[in-house]
>>> print(open('my_file-v9.cif').read())   # mmCIF, C-alpha atoms
data_work
loop_
_atom_site.label_atom_id
_atom_site.label_comp_id
_atom_site.auth_asym_id
_atom_site.auth_seq_id
_atom_site.Cartn_x
_atom_site.Cartn_y
_atom_site.Cartn_z
CA MET A 198 -20.70 8.99 43.62
CA LYS A 199 -17.72 6.69 43.14
CA ILE A 200 -16.01 7.04 39.75
CA THR A 201 -13.29 4.74 38.46
CA VAL A 202 -10.80 6.39 36.08
CA MET A 203 -8.75 4.07 33.86
CA LEU A 204 -5.18 5.24 33.20
CA PHE A 205 -2.88 4.36 30.31
CA ALA A 206 0.75 4.60 29.24
CA ARG A 207 2.73 7.27 31.07
CA TYR A 208 -0.16 8.05 33.41
CA ARG A 209 -0.49 4.42 34.42
CA GLU A 210 3.23 4.19 35.06
CA ALA A 211 3.25 7.43 37.06
CA ALA A 212 0.29 6.32 39.18
CA GLY A 213 1.65 2.80 39.61
CA ARG A 214 -1.78 1.33 38.89
CA PRO A 215 -4.14 0.82 35.92
CA ALA A 216 -7.11 2.65 37.44
CA LEU A 217 -8.04 4.92 40.32
CA GLU A 218 -11.29 5.41 42.19
CA VAL A 219 -12.35 8.88 43.31
CA GLU A 220 -15.44 10.24 45.08
CA ALA A 221 -17.11 12.86 42.88
CA PRO A 222 -20.09 15.15 43.55
CA GLU A 223 -23.27 14.99 41.43
CA GLY A 224 -22.81 17.00 38.24
CA ALA A 225 -19.03 16.51 38.18
CA THR A 226 -17.32 16.94 34.82
CA LEU A 227 -14.47 14.83 33.44
CA GLN A 228 -12.07 17.69 34.11
CA GLY A 229 -13.40 18.03 37.68
CA ILE A 230 -12.87 14.32 38.28
CA TRP A 231 -9.38 14.63 36.83
CA GLU A 232 -8.53 17.39 39.31
CA GLN A 233 -9.30 14.91 42.08
CA VAL A 234 -7.02 12.35 40.44
CA ARG A 235 -4.22 14.91 40.26
CA THR A 236 -4.68 15.71 43.93
CA ALA A 237 -4.67 12.05 44.89
CA VAL A 238 -1.62 11.16 42.75
CA PRO A 239 1.21 13.70 43.11
CA ALA A 240 3.06 12.10 40.15
CA LEU A 241 0.18 13.26 37.92
CA ALA A 242 0.05 16.81 39.31
CA ASP A 243 1.58 18.32 36.17
CA GLU A 244 -0.88 16.61 33.81
CA ARG A 245 -3.47 19.32 33.39
CA ARG A 246 -4.98 18.40 30.02
CA PRO A 247 -5.31 14.66 29.45
CA LEU A 248 -7.43 13.16 26.72
CA PHE A 249 -10.68 11.68 28.05
CA ALA A 250 -12.81 8.80 26.94
CA CYS A 251 -16.32 8.15 28.17
CA ASP A 252 -17.83 4.75 27.31
CA ARG A 253 -15.04 4.05 24.81
CA ALA A 254 -15.41 7.27 22.83
CA TYR A 255 -13.42 10.50 23.07
CA ALA A 256 -15.18 13.03 25.30
CA ARG A 257 -14.66 16.72 26.07
CA PRO A 258 -13.38 17.81 29.51
CA GLU A 259 -16.65 19.63 30.23
CA ARG A 260 -18.72 16.47 29.78
CA VAL A 261 -20.86 15.81 32.87
CA VAL A 262 -20.58 12.32 34.32
CA THR A 263 -23.70 10.69 35.70
CA GLY A 264 -22.11 7.57 37.17
CA GLY A 265 -21.85 4.13 35.62
CA GLU A 266 -19.90 5.29 32.58
CA GLU A 267 -16.55 3.74 31.67
CA ILE A 268 -14.11 6.65 32.16
CA ALA A 269 -10.49 6.80 30.96
CA ALA A 270 -7.78 9.47 30.91
CA PHE A 271 -4.60 9.25 28.85
CA PRO A 272 -1.84 11.14 27.04
CA PRO A 273 -1.86 11.70 23.25
CA VAL A 274 -1.95 8.36 21.45
CA SER A 275 1.04 6.91 19.56
CA GLY A 276 -0.10 3.63 18.01
CA GLY A 277 0.78 2.39 14.57
CA MET B 9 19.69 -3.41 -44.79
CA LYS B 10 17.72 -6.21 -43.16
CA ILE B 11 15.69 -5.12 -40.13
CA THR B 12 13.89 -7.48 -37.75
CA VAL B 13 10.78 -6.05 -36.13
CA MET B 14 9.53 -7.77 -32.98
CA LEU B 15 5.75 -7.84 -32.58
CA PHE B 16 3.69 -8.21 -29.43
CA ALA B 17 0.15 -8.89 -28.25
CA ARG B 18 -2.52 -8.19 -30.87
CA TYR B 19 0.08 -7.47 -33.55
CA ARG B 20 1.82 -10.77 -32.95
CA GLU B 21 -1.49 -12.63 -33.11
CA ALA B 22 -2.50 -10.80 -36.30
CA ALA B 23 0.83 -11.54 -37.97
CA GLY B 24 0.92 -15.12 -36.75
CA ARG B 25 4.57 -14.76 -35.77
CA PRO B 26 6.66 -13.04 -33.08
CA ALA B 27 8.90 -11.08 -35.45
CA LEU B 28 9.17 -10.06 -39.09
CA GLU B 29 12.15 -9.26 -41.26
CA VAL B 30 11.96 -6.47 -43.83
CA GLU B 31 14.47 -4.94 -46.25
CA ALA B 32 14.85 -1.22 -45.50
CA PRO B 33 16.81 1.49 -47.33
CA GLU B 34 19.61 3.41 -45.60
CA GLY B 35 18.16 6.27 -43.55
CA ALA B 36 14.85 4.50 -42.99
CA THR B 37 12.80 5.63 -40.01
CA LEU B 38 10.83 3.42 -37.64
CA GLN B 39 7.61 4.62 -39.26
CA GLY B 40 9.03 3.86 -42.71
CA ILE B 41 9.96 0.35 -41.66
CA TRP B 42 6.49 -0.08 -40.20
CA GLU B 43 4.91 0.84 -43.52
CA GLN B 44 6.77 -2.09 -45.02
CA VAL B 45 5.49 -4.35 -42.26
CA ARG B 46 1.93 -3.19 -42.95
CA THR B 47 2.38 -3.92 -46.66
CA ALA B 48 3.83 -7.37 -45.94
CA VAL B 49 1.13 -8.32 -43.41
CA PRO B 50 -2.39 -7.43 -44.57
CA ALA B 51 -3.79 -8.19 -41.08
CA LEU B 52 -1.77 -5.21 -39.80
CA ALA B 53 -2.81 -2.82 -42.58
CA ASP B 54 -5.08 -0.81 -40.25
CA GLU B 55 -2.39 -0.31 -37.60
CA ARG B 56 -1.01 3.08 -38.60
CA ARG B 57 0.40 4.29 -35.27
CA PRO B 58 2.06 1.57 -33.22
CA LEU B 59 4.33 2.29 -30.30
CA PHE B 60 7.99 1.70 -31.14
CA ALA B 61 10.93 0.58 -29.07
CA CYS B 62 14.54 0.82 -30.20
CA ASP B 63 17.11 -1.06 -28.11
CA ARG B 64 14.55 -1.62 -25.33
CA ALA B 65 13.54 2.02 -24.94
CA TYR B 66 10.52 3.84 -26.35
CA ALA B 67 11.41 5.66 -29.60
CA ARG B 68 9.63 8.19 -31.80
CA PRO B 69 8.34 7.14 -35.26
CA GLU B 70 10.77 9.55 -36.96
CA ARG B 71 13.80 7.90 -35.38
CA VAL B 72 16.31 6.84 -38.04
CA VAL B 73 17.47 3.23 -37.88
CA THR B 74 21.10 2.47 -38.68
CA GLY B 75 20.88 -1.32 -38.53
CA GLY B 76 21.78 -3.60 -35.66
CA GLU B 77 19.28 -2.07 -33.24
CA GLU B 78 16.67 -4.22 -31.50
CA ILE B 79 13.38 -2.92 -32.97
CA ALA B 80 9.88 -3.63 -31.66
CA ALA B 81 6.39 -2.42 -32.52
CA PHE B 82 3.35 -2.91 -30.34
CA PRO B 83 -0.07 -1.61 -29.28
CA PRO B 84 -0.61 0.47 -26.09
CA VAL B 85 0.54 -1.49 -23.06
CA SER B 86 -1.87 -2.99 -20.50
CA GLY B 87 0.27 -4.61 -17.82
CA GLY B 88 -0.39 -4.51 -14.10
CA MET C 18 17.50 -3.84 -1.80
CA ALA C 19 15.75 -3.95 -5.13
CA LEU C 20 14.07 -6.88 -6.86
CA HIS C 21 12.66 -6.67 -10.40
CA ARG C 22 11.41 -9.80 -12.04
CA LEU C 23 9.03 -11.30 -14.57
CA VAL C 24 7.77 -14.64 -13.29
CA ASP C 25 6.10 -17.38 -15.32
CA GLY C 26 4.12 -18.71 -12.37
CA PRO C 27 2.53 -17.66 -9.06
CA LEU C 28 3.93 -14.51 -7.44
CA ASP C 29 5.19 -14.63 -3.85
CA LEU C 30 4.41 -11.56 -1.76
CA GLN C 31 6.74 -12.81 0.97
CA GLU C 32 9.63 -12.82 -1.51
CA ALA C 33 8.89 -9.19 -2.35
CA LEU C 34 8.69 -8.28 1.34
CA ARG C 35 11.94 -10.05 2.18
CA ALA C 36 13.64 -8.13 -0.62
CA VAL C 37 12.67 -4.72 0.75
CA ALA C 38 12.32 -5.04 4.54
CA GLY C 39 15.04 -4.13 7.01
CA PRO C 40 15.43 -2.96 10.61
CA ASP C 41 16.20 0.64 9.63
CA ARG C 42 12.93 1.24 7.77
CA GLY C 43 9.65 1.45 9.64
CA ALA C 44 7.11 1.34 6.82
CA VAL C 45 6.35 -1.23 4.13
CA ALA C 46 3.60 -0.69 1.57
CA THR C 47 2.51 -3.27 -0.97
CA PHE C 48 0.16 -3.34 -3.91
CA SER C 49 -1.13 -6.52 -5.51
CA GLY C 50 -3.14 -6.51 -8.71
CA THR C 51 -5.23 -9.65 -8.94
CA ALA C 52 -7.20 -11.20 -11.77
CA ARG C 53 -10.85 -10.21 -11.46
CA ASP C 54 -13.73 -12.50 -12.40
CA HIS C 55 -15.46 -9.86 -14.49
CA HIS C 56 -14.80 -6.79 -16.61
CA ALA C 57 -17.46 -4.31 -17.63
CA GLY C 58 -20.11 -6.78 -16.51
CA ARG C 59 -18.72 -9.68 -18.58
CA PRO C 60 -17.47 -12.82 -16.79
CA VAL C 61 -13.73 -13.36 -17.20
CA LEU C 62 -12.37 -16.93 -17.02
CA ARG C 63 -8.67 -16.11 -16.76
CA LEU C 64 -6.02 -13.63 -17.90
CA GLU C 65 -3.01 -14.17 -20.16
CA TYR C 66 -0.06 -11.80 -19.97
CA GLN C 67 2.58 -11.38 -22.65
CA ALA C 68 5.71 -9.31 -22.03
CA TYR C 69 8.58 -7.91 -24.05
CA ALA C 70 10.73 -9.34 -21.30
CA ALA C 71 14.09 -7.62 -21.78
CA MET C 72 12.50 -4.18 -22.16
CA ALA C 73 10.03 -4.79 -19.31
CA GLU C 74 12.87 -5.54 -16.90
CA GLU C 75 14.64 -2.41 -18.15
CA THR C 76 11.43 -0.48 -17.40
CA PHE C 77 11.32 -1.91 -13.88
CA ARG C 78 14.89 -0.75 -13.29
CA THR C 79 13.96 2.72 -14.52
CA ILE C 80 10.98 2.83 -12.15
CA GLY C 81 13.31 1.78 -9.35
CA ALA C 82 15.64 4.66 -10.17
CA GLU C 83 12.73 7.11 -10.29
CA VAL C 84 11.43 5.90 -6.92
CA ALA C 85 14.90 6.18 -5.42
CA GLU C 86 15.15 9.77 -6.60
CA ARG C 87 11.63 10.94 -5.77
CA PHE C 88 11.02 9.09 -2.52
CA ALA C 89 14.57 8.63 -1.28
CA THR C 90 14.35 4.86 -0.88
CA PRO C 91 16.10 2.14 -2.91
CA HIS C 92 13.93 -0.60 -1.39
CA LEU C 93 11.51 -1.45 -4.18
CA ALA C 94 10.37 -4.84 -5.45
CA ILE C 95 8.40 -5.35 -8.66
CA LEU C 96 7.15 -8.81 -9.61
CA HIS C 97 4.99 -9.31 -12.69
CA ARG C 98 3.54 -12.60 -13.81
CA THR C 99 3.50 -13.74 -17.44
CA GLY C 100 1.43 -16.44 -19.11
CA THR C 101 -1.86 -17.59 -17.63
CA VAL C 102 -3.10 -15.93 -14.43
CA PRO C 103 -6.11 -17.69 -12.85
CA ILE C 104 -8.90 -15.59 -11.32
CA GLY C 105 -8.03 -14.35 -7.82
CA GLU C 106 -4.27 -14.74 -8.29
CA ALA C 107 -1.85 -11.82 -8.50
CA SER C 108 -0.60 -10.57 -11.85
CA VAL C 109 1.61 -7.89 -10.28
CA ILE C 110 3.10 -7.18 -6.87
CA ILE C 111 4.84 -4.00 -5.78
CA ALA C 112 6.53 -3.64 -2.39
CA VAL C 113 8.29 -0.56 -1.04
CA ALA C 114 10.01 -0.04 2.27
CA ALA C 115 10.89 3.42 3.57
CA PRO C 116 11.61 5.08 6.89
CA HIS C 117 8.09 6.52 7.12
CA ARG C 118 4.62 5.63 5.92
CA ARG C 119 3.91 8.53 3.60
CA GLU C 120 6.89 7.87 1.35
CA ALA C 121 6.24 4.13 1.36
CA LEU C 122 2.60 4.50 0.32
CA ALA C 123 3.26 7.27 -2.19
CA ALA C 124 6.16 5.35 -3.76
CA CYS C 125 4.00 2.25 -4.06
CA ALA C 126 1.26 4.21 -5.84
CA TYR C 127 3.83 5.87 -8.09
CA ALA C 128 5.48 2.58 -9.03
CA ILE C 129 2.26 0.82 -10.04
CA ASP C 130 1.12 3.88 -12.02
CA ARG C 131 4.42 4.02 -13.90
CA LEU C 132 4.42 0.28 -14.51
CA LYS C 133 0.97 0.49 -16.08
CA GLU C 134 2.02 3.45 -18.24
CA THR C 135 5.38 2.22 -19.42
CA ALA C 136 6.06 -1.51 -18.99
CA PRO C 137 5.75 -3.37 -22.31
CA ILE C 138 3.32 -5.99 -21.03
CA TRP C 139 -0.09 -6.85 -22.44
CA LYS C 140 -3.14 -8.44 -20.88
CA LYS C 141 -5.60 -10.66 -22.66
CA GLU C 142 -8.96 -11.38 -21.07
CA VAL C 143 -10.35 -14.82 -21.79
CA TYR C 144 -14.14 -15.22 -21.77
CA ALA C 145 -16.35 -18.27 -22.29
CA ASP C 146 -16.80 -17.29 -25.94
CA GLY C 147 -13.53 -15.65 -26.92
CA ALA C 148 -10.65 -13.48 -25.81
CA VAL C 149 -9.63 -9.82 -26.16
CA TRP C 150 -6.25 -8.11 -25.89
CA ILE C 151 -6.72 -5.15 -23.57
CA GLU C 152 -5.03 -1.90 -24.59
CA GLY C 153 -4.24 0.91 -22.17
CA PRO C 154 -4.49 4.61 -22.89
CA ARG C 155 -1.90 5.80 -25.40
CA ALA C 156 0.35 7.37 -22.78
CA ARG C 157 4.06 6.71 -22.93
CA PRO C 158 7.27 8.43 -21.98
CA ALA C 159 8.88 10.59 -24.65
CA GLY C 160 11.11 8.30 -26.73
CA MET D 185 -14.95 -8.95 4.76
CA ALA D 186 -13.58 -6.95 7.64
CA LEU D 187 -11.09 -8.00 10.31
CA HIS D 188 -10.15 -5.80 13.27
CA ARG D 189 -7.97 -7.23 15.99
CA LEU D 190 -5.43 -6.50 18.69
CA VAL D 191 -2.92 -9.35 18.85
CA ASP D 192 -0.54 -10.12 21.70
CA GLY D 193 2.06 -11.76 19.42
CA PRO D 194 3.40 -11.69 15.85
CA LEU D 195 1.07 -10.30 13.18
CA ASP D 196 0.26 -12.38 10.10
CA LEU D 197 0.01 -10.46 6.83
CA GLN D 198 -1.44 -13.51 5.11
CA GLU D 199 -4.31 -13.53 7.61
CA ALA D 200 -5.05 -9.90 6.76
CA LEU D 201 -4.89 -10.65 3.03
CA ARG D 202 -7.17 -13.67 3.31
CA ALA D 203 -9.70 -11.53 5.17
CA VAL D 204 -9.96 -8.93 2.40
CA ALA D 205 -9.19 -10.69 -0.92
CA GLY D 206 -11.80 -11.98 -3.30
CA PRO D 207 -12.31 -12.69 -7.00
CA ASP D 208 -14.44 -9.58 -7.58
CA ARG D 209 -11.77 -7.09 -6.44
CA GLY D 210 -8.65 -6.51 -8.50
CA ALA D 211 -6.53 -4.45 -6.13
CA VAL D 212 -5.11 -5.15 -2.69
CA ALA D 213 -2.99 -2.58 -0.83
CA THR D 214 -1.24 -3.24 2.45
CA PHE D 215 0.70 -1.18 4.93
CA SER D 216 2.94 -2.64 7.61
CA GLY D 217 4.51 -0.53 10.31
CA THR D 218 7.60 -2.25 11.67
CA ALA D 219 9.76 -1.59 14.72
CA ARG D 220 12.81 0.45 13.70
CA ASP D 221 16.22 0.02 15.26
CA HIS D 222 16.68 3.74 15.87
CA HIS D 223 14.73 6.93 16.54
CA ALA D 224 16.18 10.40 16.17
CA GLY D 225 19.65 8.88 15.99
CA ARG D 226 19.27 6.84 19.18
CA PRO D 227 19.44 3.02 19.03
CA VAL D 228 16.15 1.35 19.96
CA LEU D 229 16.22 -2.19 21.42
CA ARG D 230 12.52 -2.98 21.17
CA LEU D 231 9.07 -1.43 21.38
CA GLU D 232 6.31 -2.04 23.88
CA TYR D 233 2.70 -1.26 23.00
CA GLN D 234 -0.12 -0.74 25.46
CA ALA D 235 -3.73 -0.44 24.29
CA TYR D 236 -7.07 0.50 25.77
CA ALA D 237 -8.31 -2.64 24.09
CA ALA D 238 -12.07 -2.25 24.10
CA MET D 239 -11.91 1.33 22.84
CA ALA D 240 -9.19 0.52 20.29
CA GLU D 241 -11.32 -2.17 18.70
CA GLU D 242 -14.23 0.29 18.65
CA THR D 243 -11.91 2.75 16.89
CA PHE D 244 -10.98 0.10 14.30
CA ARG D 245 -14.67 -0.52 13.59
CA THR D 246 -15.21 3.22 13.14
CA ILE D 247 -12.29 3.41 10.71
CA GLY D 248 -13.81 0.48 8.81
CA ALA D 249 -17.11 2.34 8.54
CA GLU D 250 -15.33 5.52 7.35
CA VAL D 251 -13.39 3.56 4.72
CA ALA D 252 -16.58 1.85 3.54
CA GLU D 253 -18.25 5.23 3.10
CA ARG D 254 -15.34 7.15 1.55
CA PHE D 255 -13.81 4.46 -0.65
CA ALA D 256 -16.83 2.23 -1.26
CA THR D 257 -15.19 -0.96 -0.04
CA PRO D 258 -15.97 -2.99 3.09
CA HIS D 259 -12.83 -5.09 2.68
CA LEU D 260 -10.51 -3.70 5.37
CA ALA D 261 -8.31 -5.55 7.86
CA ILE D 262 -6.57 -3.87 10.80
CA LEU D 263 -4.20 -5.86 13.00
CA HIS D 264 -2.29 -4.14 15.80
CA ARG D 265 0.18 -5.87 18.07
CA THR D 266 0.34 -5.25 21.84
CA GLY D 267 3.11 -6.01 24.30
CA THR D 268 6.71 -6.37 23.16
CA VAL D 269 7.52 -5.88 19.46
CA PRO D 270 11.08 -6.90 18.53
CA ILE D 271 13.00 -4.78 16.02
CA GLY D 272 12.04 -5.57 12.42
CA GLU D 273 8.67 -7.07 13.33
CA ALA D 274 5.32 -5.48 12.48
CA SER D 275 3.41 -3.49 15.09
CA VAL D 276 0.52 -2.76 12.73
CA ILE D 277 -0.83 -4.18 9.48
CA ILE D 278 -3.54 -2.65 7.31
CA ALA D 279 -4.94 -4.43 4.24
CA VAL D 280 -7.59 -3.11 1.87
CA ALA D 281 -9.10 -4.73 -1.19
CA ALA D 282 -11.08 -2.76 -3.74
CA PRO D 283 -12.08 -3.06 -7.38
CA HIS D 284 -9.33 -0.65 -8.51
CA ARG D 285 -5.90 0.40 -7.34
CA ARG D 286 -6.52 4.05 -6.54
CA GLU D 287 -9.23 3.36 -3.97
CA ALA D 288 -7.23 0.49 -2.45
CA LEU D 289 -4.09 2.59 -1.99
CA ALA D 290 -5.95 5.72 -0.85
CA ALA D 291 -8.06 3.72 1.62
CA CYS D 292 -4.92 2.08 3.02
CA ALA D 293 -3.26 5.48 3.56
CA TYR D 294 -6.46 6.85 5.12
CA ALA D 295 -6.83 3.92 7.50
CA ILE D 296 -3.29 4.10 8.88
CA ASP D 297 -3.55 7.89 9.27
CA ARG D 298 -6.81 7.58 11.20
CA LEU D 299 -5.47 4.75 13.33
CA LYS D 300 -2.50 6.88 14.35
CA GLU D 301 -4.75 9.84 15.13
CA THR D 302 -7.50 8.08 17.01
CA ALA D 303 -6.71 4.57 18.27
CA PRO D 304 -6.00 4.56 22.03
CA ILE D 305 -2.68 2.74 21.77
CA TRP D 306 0.69 3.89 23.12
CA LYS D 307 4.22 3.05 22.11
CA LYS D 308 7.18 2.87 24.45
CA GLU D 309 10.68 2.86 23.02
CA VAL D 310 13.19 0.84 25.00
CA TYR D 311 16.86 1.91 24.84
CA ALA D 312 19.97 0.43 26.40
CA ASP D 313 19.71 2.95 29.23
CA GLY D 314 16.01 3.52 29.70
CA ALA D 315 12.63 3.77 28.02
CA VAL D 316 10.30 6.56 26.88
CA TRP D 317 6.56 6.59 26.21
CA ILE D 318 6.08 8.23 22.82
CA GLU D 319 3.23 10.72 22.51
CA GLY D 320 1.67 11.72 19.22
CA PRO D 321 0.47 15.19 18.25
CA ARG D 322 -2.57 16.27 20.24
CA ALA D 323 -5.03 15.65 17.43
CA ARG D 324 -8.22 13.79 18.19
CA PRO D 325 -11.74 13.65 16.87
CA ALA D 326 -14.27 15.96 18.52
CA GLY D 327 -15.63 14.17 21.60
#
>>> encode(input="my_file-v9.cif", output="structure tokens")
Amino acid sequence: MKITVMLFARYREAAGRPALEVEAPEGATLQGIWEQVRTAVPALADERRPLFACDRAYARPERVVTGGEEIAAFPPVSGG
Amino acid sequence: MKITVMLFARYREAAGRPALEVEAPEGATLQGIWEQVRTAVPALADERRPLFACDRAYARPERVVTGGEEIAAFPPVSGG
Amino acid sequence: MALHRLVDGPLDLQEALRAVAGPDRGAVATFSGTARDHHAGRPVLRLEYQAYAAMAEETFRTIGAEVAERFATPHLAILHRTGTVPIGEASVIIAVAAPHRREALAACAYAIDRLKETAPIWKKEVYADGAVWIEGPRARPAG
Amino acid sequence: MALHRLVDGPLDLQEALRAVAGPDRGAVATFSGTARDHHAGRPVLRLEYQAYAAMAEETFRTIGAEVAERFATPHLAILHRTGTVPIGEASVIIAVAAPHRREALAACAYAIDRLKETAPIWKKEVYADGAVWIEGPRARPAG
């Protein structure tokens, strides 16, 4: 299944784009999808533990994605 | 010595004036001066323990007045 | 900068903010106490504040010195209204600027607490059928 | 009333105050975070904020619900600026109105703490010779 991963802040700058599409197998987890992103974008290779959001809520790396969710990965937040 | 006692809030309203002058003996304390105020103003007779200020700072009832200080007596504050 | 003032008219939050803000401090906290339309279930028409003005301003300066010592910032504004305060309008405004948010918020809470404990100011609540001078708890600094 | 908004331009404290004030609440606390001209001794020229907008506004609503439950007041405004924030201007404004001062001040402190922990917003500091994305501590709510 095709999964779009939104990127923010340093990740977005490193990737040179606001989102990335990867092809993931059924049963893929957020962390598994992220490994594909890291492979596809060498500038993100050192980012092993991003924060994840699934449908606009924080989600654990082991969360299984079923397709159709809004997925995002980003570094620790610094608003305020 | 003549001592002027400034009054505020409920005390001022009870006395019908913003300040009162009393004749006090040498060595009089704030509490002693207040007893004269209570005698002079029947509407204040029940007010046995006012707060006192001497020269714009809180002062204890046993503080001795030497004359020339700015003296005030008032109920518990309620600003804000 | 510090600003301490009794005002016989509407208070201006922007004035308080201008007095404390600056490019080297990242946090500004404010507290506004406004006249409520009821007290203990009874409708209140307006408030009237009376102050022992000279001593009140002395008290504000003391609070400023305490805040400077405890929270390491001199940037405190205290504005207190006297006379009639219509419902919904501010009777008191505190503003504090500091490098970081915790000091700013803690200093703001400290300043309004100290003002209520020590400033020689009295509030009268006016109802449809009378008026009452409010008296705080009998706390005060050692004289 | 509640107001939660990301704004691509200057923030208006008066708008936040109007959203929360009312005649039945006697206390209004605000917090403004402003862009500082230095960080760790290094001069800062300006800040740039990027937000995951849809999730950030969701986060603001969650903070509003937490404040309503913990401090018993629904009157919270959160404004956060995105894009460039010049030095001295506000990047975030929180305003809370409540019947009494302790809840208002505590709710204001709680809301800014939670915003900093949870809102998906990132700050970039721009210096004369470069720029750095700031990253907060790795705290986050359980997913």
>>> calpha_fit_and_write(input="my_file-v9.cif", fixed="chain B", moving="chain A", output="short mmCIF file (atom, residue, chain, number, x, y, z; two decimals) with C-alpha atoms, in the coordinates of the input")
data_model
loop_
_atom_site.label_atom_id
_atom_site.label_comp_id
_atom_site.auth_asym_id
_atom_site.auth_seq_id
_atom_site.Cartn_x
_atom_site.Cartn_y
_atom_site.Cartn_z
CA MET A 198 19.66 -3.41 -44.83
CA LYS A 199 17.71 -6.21 -43.18
CA ILE A 200 15.69 -5.12 -40.13
CA THR A 201 13.91 -7.48 -37.77
CA VAL A 202 10.78 -6.03 -36.12
CA MET A 203 9.54 -7.77 -32.96
CA LEU A 204 5.75 -7.85 -32.58
CA PHE A 205 3.68 -8.20 -29.41
CA ALA A 206 0.14 -8.90 -28.25
CA ARG A 207 -2.51 -8.20 -30.87
CA TYR A 208 0.09 -7.48 -33.55
CA ARG A 209 1.82 -10.78 -32.94
CA GLU A 210 -1.48 -12.63 -33.12
CA ALA A 211 -2.51 -10.80 -36.30
CA ALA A 212 0.83 -11.52 -37.98
CA GLY A 213 0.91 -15.12 -36.76
CA ARG A 214 4.56 -14.75 -35.76
CA PRO A 215 6.66 -13.04 -33.06
CA ALA A 216 8.87 -11.07 -35.45
CA LEU A 217 9.15 -10.07 -39.09
CA GLU A 218 12.15 -9.25 -41.25
CA VAL A 219 11.95 -6.46 -43.82
CA GLU A 220 14.46 -4.94 -46.25
CA ALA A 221 14.84 -1.23 -45.52
CA PRO A 222 16.81 1.49 -47.34
CA GLU A 223 19.62 3.43 -45.62
CA GLY A 224 18.17 6.28 -43.57
CA ALA A 225 14.85 4.49 -42.99
CA THR A 226 12.80 5.64 -40.01
CA LEU A 227 10.82 3.42 -37.63
CA GLN A 228 7.61 4.61 -39.26
CA GLY A 229 9.03 3.87 -42.73
CA ILE A 230 9.97 0.35 -41.65
CA TRP A 231 6.49 -0.07 -40.19
CA GLU A 232 4.91 0.84 -43.53
CA GLN A 233 6.79 -2.09 -45.03
CA VAL A 234 5.48 -4.36 -42.28
CA ARG A 235 1.93 -3.21 -42.98
CA THR A 236 2.39 -3.93 -46.66
CA ALA A 237 3.82 -7.37 -45.97
CA VAL A 238 1.13 -8.33 -43.41
CA PRO A 239 -2.39 -7.43 -44.58
CA ALA A 240 -3.78 -8.18 -41.08
CA LEU A 241 -1.75 -5.21 -39.80
CA ALA A 242 -2.81 -2.82 -42.58
CA ASP A 243 -5.07 -0.81 -40.27
CA GLU A 244 -2.37 -0.31 -37.61
CA ARG A 245 -1.02 3.07 -38.60
CA ARG A 246 0.42 4.30 -35.29
CA PRO A 247 2.05 1.57 -33.22
CA LEU A 248 4.32 2.28 -30.29
CA PHE A 249 7.99 1.70 -31.13
CA ALA A 250 10.92 0.58 -29.07
CA CYS A 251 14.52 0.82 -30.19
CA ASP A 252 17.10 -1.06 -28.09
CA ARG A 253 14.55 -1.62 -25.31
CA ALA A 254 13.52 2.02 -24.93
CA TYR A 255 10.51 3.85 -26.36
CA ALA A 256 11.41 5.65 -29.59
CA ARG A 257 9.63 8.18 -31.81
CA PRO A 258 8.36 7.14 -35.27
CA GLU A 259 10.77 9.56 -36.96
CA ARG A 260 13.82 7.91 -35.38
CA VAL A 261 16.32 6.84 -38.06
CA VAL A 262 17.48 3.24 -37.86
CA THR A 263 21.09 2.47 -38.66
CA GLY A 264 20.90 -1.32 -38.53
CA GLY A 265 21.79 -3.60 -35.65
CA GLU A 266 19.29 -2.08 -33.24
CA GLU A 267 16.68 -4.22 -31.49
CA ILE A 268 13.39 -2.93 -32.97
CA ALA A 269 9.88 -3.64 -31.66
CA ALA A 270 6.38 -2.42 -32.52
CA PHE A 271 3.34 -2.91 -30.31
CA PRO A 272 -0.08 -1.60 -29.26
CA PRO A 273 -0.61 0.47 -26.09
CA VAL A 274 0.55 -1.49 -23.05
CA SER A 275 -1.86 -3.00 -20.48
CA GLY A 276 0.27 -4.63 -17.79
CA GLY A 277 -0.40 -4.52 -14.09
#
>>> resolve_selection(input="my_file-v9.cif", expression="the PyMOL selection byres ((chain D) within 10 of (chain A))", output="number ranges by chain")
D: 216-219, 233-243, 263-266, 274-278, 296-308, 316-327
>>> atom_distance(input="my_file-v9.cif", atom1="atom CA of Met185 of chain D", atom2="atom CA of Ala145 of chain C")
28.6 Å
>>> resolve_selection(input="my_file-v9.cif", expression="the PyMOL selection byres ((chain D and resi 200) around 9)", output="ChimeraX atom specification")
/D:187,195-199,201-205,214,260-263,277-280
>>> closest_residue(input="my_file-v9.cif", among="C:Ala126, C:Ala115, C:Val102, C:Ile80", to="chain D", atoms="all atoms listed in the file")
C:Ala126
>>> atom_distance(input="my_file-v9.cif", atom1="atom CA of Gly100 of chain C", atom2="atom CA of Arg25 of chain B")
17.0 Å
>>> interface_residues(input="my_file-v9.cif", of="chain C", to="chain D", cutoff="8 Å", atoms="only C-alpha atoms", output="list in words")
Ala38, Gly39, Pro40, Asp41, Arg42, Gly43, Ala44, Val45, Ala46, Thr47, Phe48, Ser49, Gly50, Thr51, Ala52, Arg53, Asp54, His55, Ile104, Gly105, Arg118, Arg119, Leu122 and Ala126 of chain C
>>> resolve_selection(input="my_file-v9.cif", expression="the PyMOL selection byres ((chain A and resi 261) around 9)", output="number ranges by chain")
A: 223-227, 258-260, 262-263
>>> closest_residue(input="my_file-v9.cif", among="D:Glu309, D:Glu253, D:Glu287, D:Asp192", to="Arg226 of chain D", atoms="all atoms listed in the file")
D:Glu309
